[in-house]
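First the structure, in the form of structure tokens, and then the observations on it.
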2 protein chains.
Amino acid sequence: MRLSELSERGGASVATVKYYLREGLLPPGTPVTARQSEYGEEHVRRLRLVRALLTVGGMTIQQARDVLAVADDPAFGRHERIGIAQYMLGPQISPPDPADPERALWDEVFAEMRGLLTEMGWQVYDEAPALAALTRAVLTLRTLGYRGGADHIRRYADVMHPIAAEEYTVIEECPVLEEAMEAAVAYTVLYEPILLALRRLAHEDVSARLHRIPPPQETPLSSP
Amino acid sequence: MRLSELSERGGASVATVKYYLREGLLPPGTPVTARQSEYGEEHVRRLRLVRALLTVGGMTIQQARDVLAVADDPAFGRHERIGIAQYMLGPQISPPDPADPERALWDEVFAEMRGLLTEMGWQVYDEAPALAALTRAVLTLRTLGYRGGADHIRRYADVMHPIAAEEYTVIEECPVLEEAMEAAVAYTVLYEPILLALRRLAHEDVSARLHRIPPPQETPLSSP
């Protein structure tokens with residue numbers, strides 16, 4: 001296919017596709033004339049993945065390059081390839097500097113969260129950005145004087161695991177690696193606001209029932 | 001108590017407390033001399049609530065004032081008072097302008113999500129900011145060509161409702177209104193990153209098991 005068709009099928013403008021080609025995020029096509037190249041299905045898949053990394057995932061060009069380098073390295077398996085795409089999604093949270101007075105508390109909370117994951121039998125690397133994000137969030141909660149014990153966190157973990165497992169089956173159903181990576185990024189990022197909005201709506205519903213707020217009246221015309 | 005004790009107990013600097021007093025976010029104390037006032041427990045609770053609205057909730061001074069106006073208005077009950085604090089939390093998402101070509105799609109997704117909530121028996125107002133946020137997130141998902149049907153959203157709703165109900169019991173255990181409002185804001189905001197981090201960690205665990213990644217080796221010294 002020509003560049004214009006690639007652009008249409010990958011959901012990116014011709015100018016954007018040319019930009020990705022120049023930046024090396026898309027491999028060059030096969031030249032057919034001095035001014036035209038031919039592109040294949042692998043270009044469509046790669047283009048869709050690049051779009052997901054940059055637009056949905058909010059990555060920089062360099063972060064996307066790093067993800068693609070792992071994807072193209074035969075030394076890595078599917079777990080690492082999909083994992084690097086998730087690891088490169090923000091927020092990237094670093095521990096406080098060792099000289100920072102907050103560091104001791106960080107180390108304590110990190111160890112506690114790490115211990116909780118081990119106790120639950122979750123197999124995650126110490127370097128997982130989400131473990132740093134969890135540590136920071138629990139640290140903030142406690143610094144402000146709110147309850148955030150491991151037992152409490154565990155209750156949330158127990159709820160999230162089955163749903164994450166269900167989500168993962170969708171990702172694993174993608175036979176081609178690039179499609180699986182794209183799905184992992186898209187589902188991770190795009191379902192986050194959905195999850196949070198539903199939690200807030202559920203709070204409203206629970207509160208309305210608890211306080212016996214009368215449901216909105218049907219107008220007589222809409223009654224059967 | 002004096003201003004310095006109020007500052008300490010409310011977790012805000014003396015300068016910040018004075019600023020809140022000037023902005024009318026804290027009611028004045030009872031004057032004891034020309035230069036000193038006496039503050040009570042109600043000031044500590046109000047100070048903690050104001051801090052939660054501004055610092056945790058990220059509200060503007062004007063938004064915090066609007067929340068406090070509802071809290072202090074005897075016409076409103078506990079459901080509305082806690083609700084306004086949640087409604088004022090970001091993100092505030094507006095529907096596209098009626099002239100925007102995206103508007104028809106927005107209206108369609110909004111009606112579908114509204115219908116889903118009604119079908120599930122959730123009692124929430126059409127004006128709930130989280131309903132607009134849910135609409136926007138589902139719209140984005142679909143515009144990018146990903147699956148996001150009502151059946152799929154419902155699965156997430158079924159998971160979030162029981163945990164939201166549990167969270168609400170903590171809020172309802174606060175006998176004083178201002179404490180309940182503070183807890184609602186703090187728990188809503190501070191647990192969001194915890195929930196999202198646990199979902200990503202669960203993804204990593206699910207993937208590791210699926211791909212039979214060997215768990216990290218124990219060093220011989222740490223073995224029994």
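Labels for the structure tokens follow display order: chains A, B, ..., residues from 1 in each chain, ligands from 1.
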
| Neighbour list for Arg46 (chain A) as an MDAnalysis selection string, cut-off 12 Å, only C-alpha atoms, skip fewer than 6 positions in-chain | chainID A and resid 6:7 9:12 17 20:21 24:28 39:40 52:53 64:65 67:68 71:72 176:182

| request: Give me every helix (DSSP H, G or I) residue in region 23-214 of chain B, going by DSSP on the backbone, as a PyMOL selection string. | output: chain B and resi 41-56+61-71+78-87+103-120+129-143+150-172+177-210

| Polymer residues at most 8 Å from Tyr87 (chain A), only C-alpha atoms, same-chain spacing of 6 or more positions, as JSON, numbers by chain | {"A": [128, 129, 130]}

Interface rows for region 32-136 of chain A against region 153-167 of chain A: nearest pair, Å to one decimal, 12 Å, only C-alpha atoms, as JSON lines:
```
{"residue": "A:Val109", "atom": "CA", "partner": "A:Ile153", "partner_atom": "CA", "distance": 12.0}
{"residue": "A:Glu112", "atom": "CA", "partner": "A:Ile153", "partner_atom": "CA", "distance": 10.8}
{"residue": "A:Met113", "atom": "CA", "partner": "A:Ile153", "partner_atom": "CA", "distance": 8.8}
{"residue": "A:Arg114", "atom": "CA", "partner": "A:Arg154", "partner_atom": "CA", "distance": 11.9}
{"residue": "A:Gly115", "atom": "CA", "partner": "A:Arg154", "partner_atom": "CA", "distance": 11.2}
{"residue": "A:Leu116", "atom": "CA", "partner": "A:Arg154", "partner_atom": "CA", "distance": 7.5}
{"residue": "A:Leu117", "atom": "CA", "partner": "A:Arg154", "partner_atom": "CA", "distance": 8.8}
{"residue": "A:Thr118", "atom": "CA", "partner": "A:Arg154", "partner_atom": "CA", "distance": 11.6}
{"residue": "A:Glu119", "atom": "CA", "partner": "A:Arg154", "partner_atom": "CA", "distance": 10.0}
{"residue": "A:Met120", "atom": "CA", "partner": "A:Arg154", "partner_atom": "CA", "distance": 8.4}
{"residue": "A:Gly121", "atom": "CA", "partner": "A:His161", "partner_atom": "CA", "distance": 11.5}
{"residue": "A:Trp122", "atom": "CA", "partner": "A:His161", "partner_atom": "CA", "distance": 9.5}
{"residue": "A:Leu134", "atom": "CA", "partner": "A:Ile153", "partner_atom": "CA", "distance": 9.6}
{"residue": "A:Thr135", "atom": "CA", "partner": "A:Ile153", "partner_atom": "CA", "distance": 11.0}
```

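Pairwise distance (CA of Leu210 (chain B), CA of Val189 (chain A)) equals 21.5 Å.
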
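Minimum atom-to-atom distance to chain B, evaluated using only C-alpha atoms, belongs to A:Ile84 out of A:Val70, A:Ala111, A:Val32, A:Ile84.
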
| remark: Counting only C-alpha atoms, the residue among B:Glu5, B:Asp107, B:Glu102, B:Glu80 that lies closest to chain A is B:Glu80

| task | DSSP on the backbone, then: every residue of region 25-216 of chain B marked strand (DSSP E or B), written as an MDAnalysis selection string. | result | chainID B and resid 30:31 37:38

Keeping only N, CA and C atoms, write the selected residues to a file as a PDB file, in the first residue's frame.
```
ATOM      1  N   THR B  30     -12.940  34.049  68.938  1.00  0.00           N
ATOM      2  CA  THR B  30     -13.518  35.013  69.892  1.00  0.00           C
ATOM      3  C   THR B  30     -12.388  35.898  70.400  1.00  0.00           C
ATOM      4  N   PRO B  31     -12.474  37.224  70.221  1.00  0.00           N
ATOM      5  CA  PRO B  31     -11.378  38.105  70.668  1.00  0.00           C
ATOM      6  C   PRO B  31     -11.211  38.051  72.181  1.00  0.00           C
ATOM      7  N   SER B  37      -7.088  36.080  69.688  1.00  0.00           N
ATOM      8  CA  SER B  37      -8.427  35.469  69.698  1.00  0.00           C
ATOM      9  C   SER B  37      -8.301  34.044  70.202  1.00  0.00           C
ATOM     10  N   GLU B  38      -9.441  33.543  70.604  1.00  0.00           N
ATOM     11  CA  GLU B  38      -9.500  32.182  71.127  1.00  0.00           C
ATOM     12  C   GLU B  38     -10.242  31.324  70.094  1.00  0.00           C
TER      13      GLU B  38
END
```
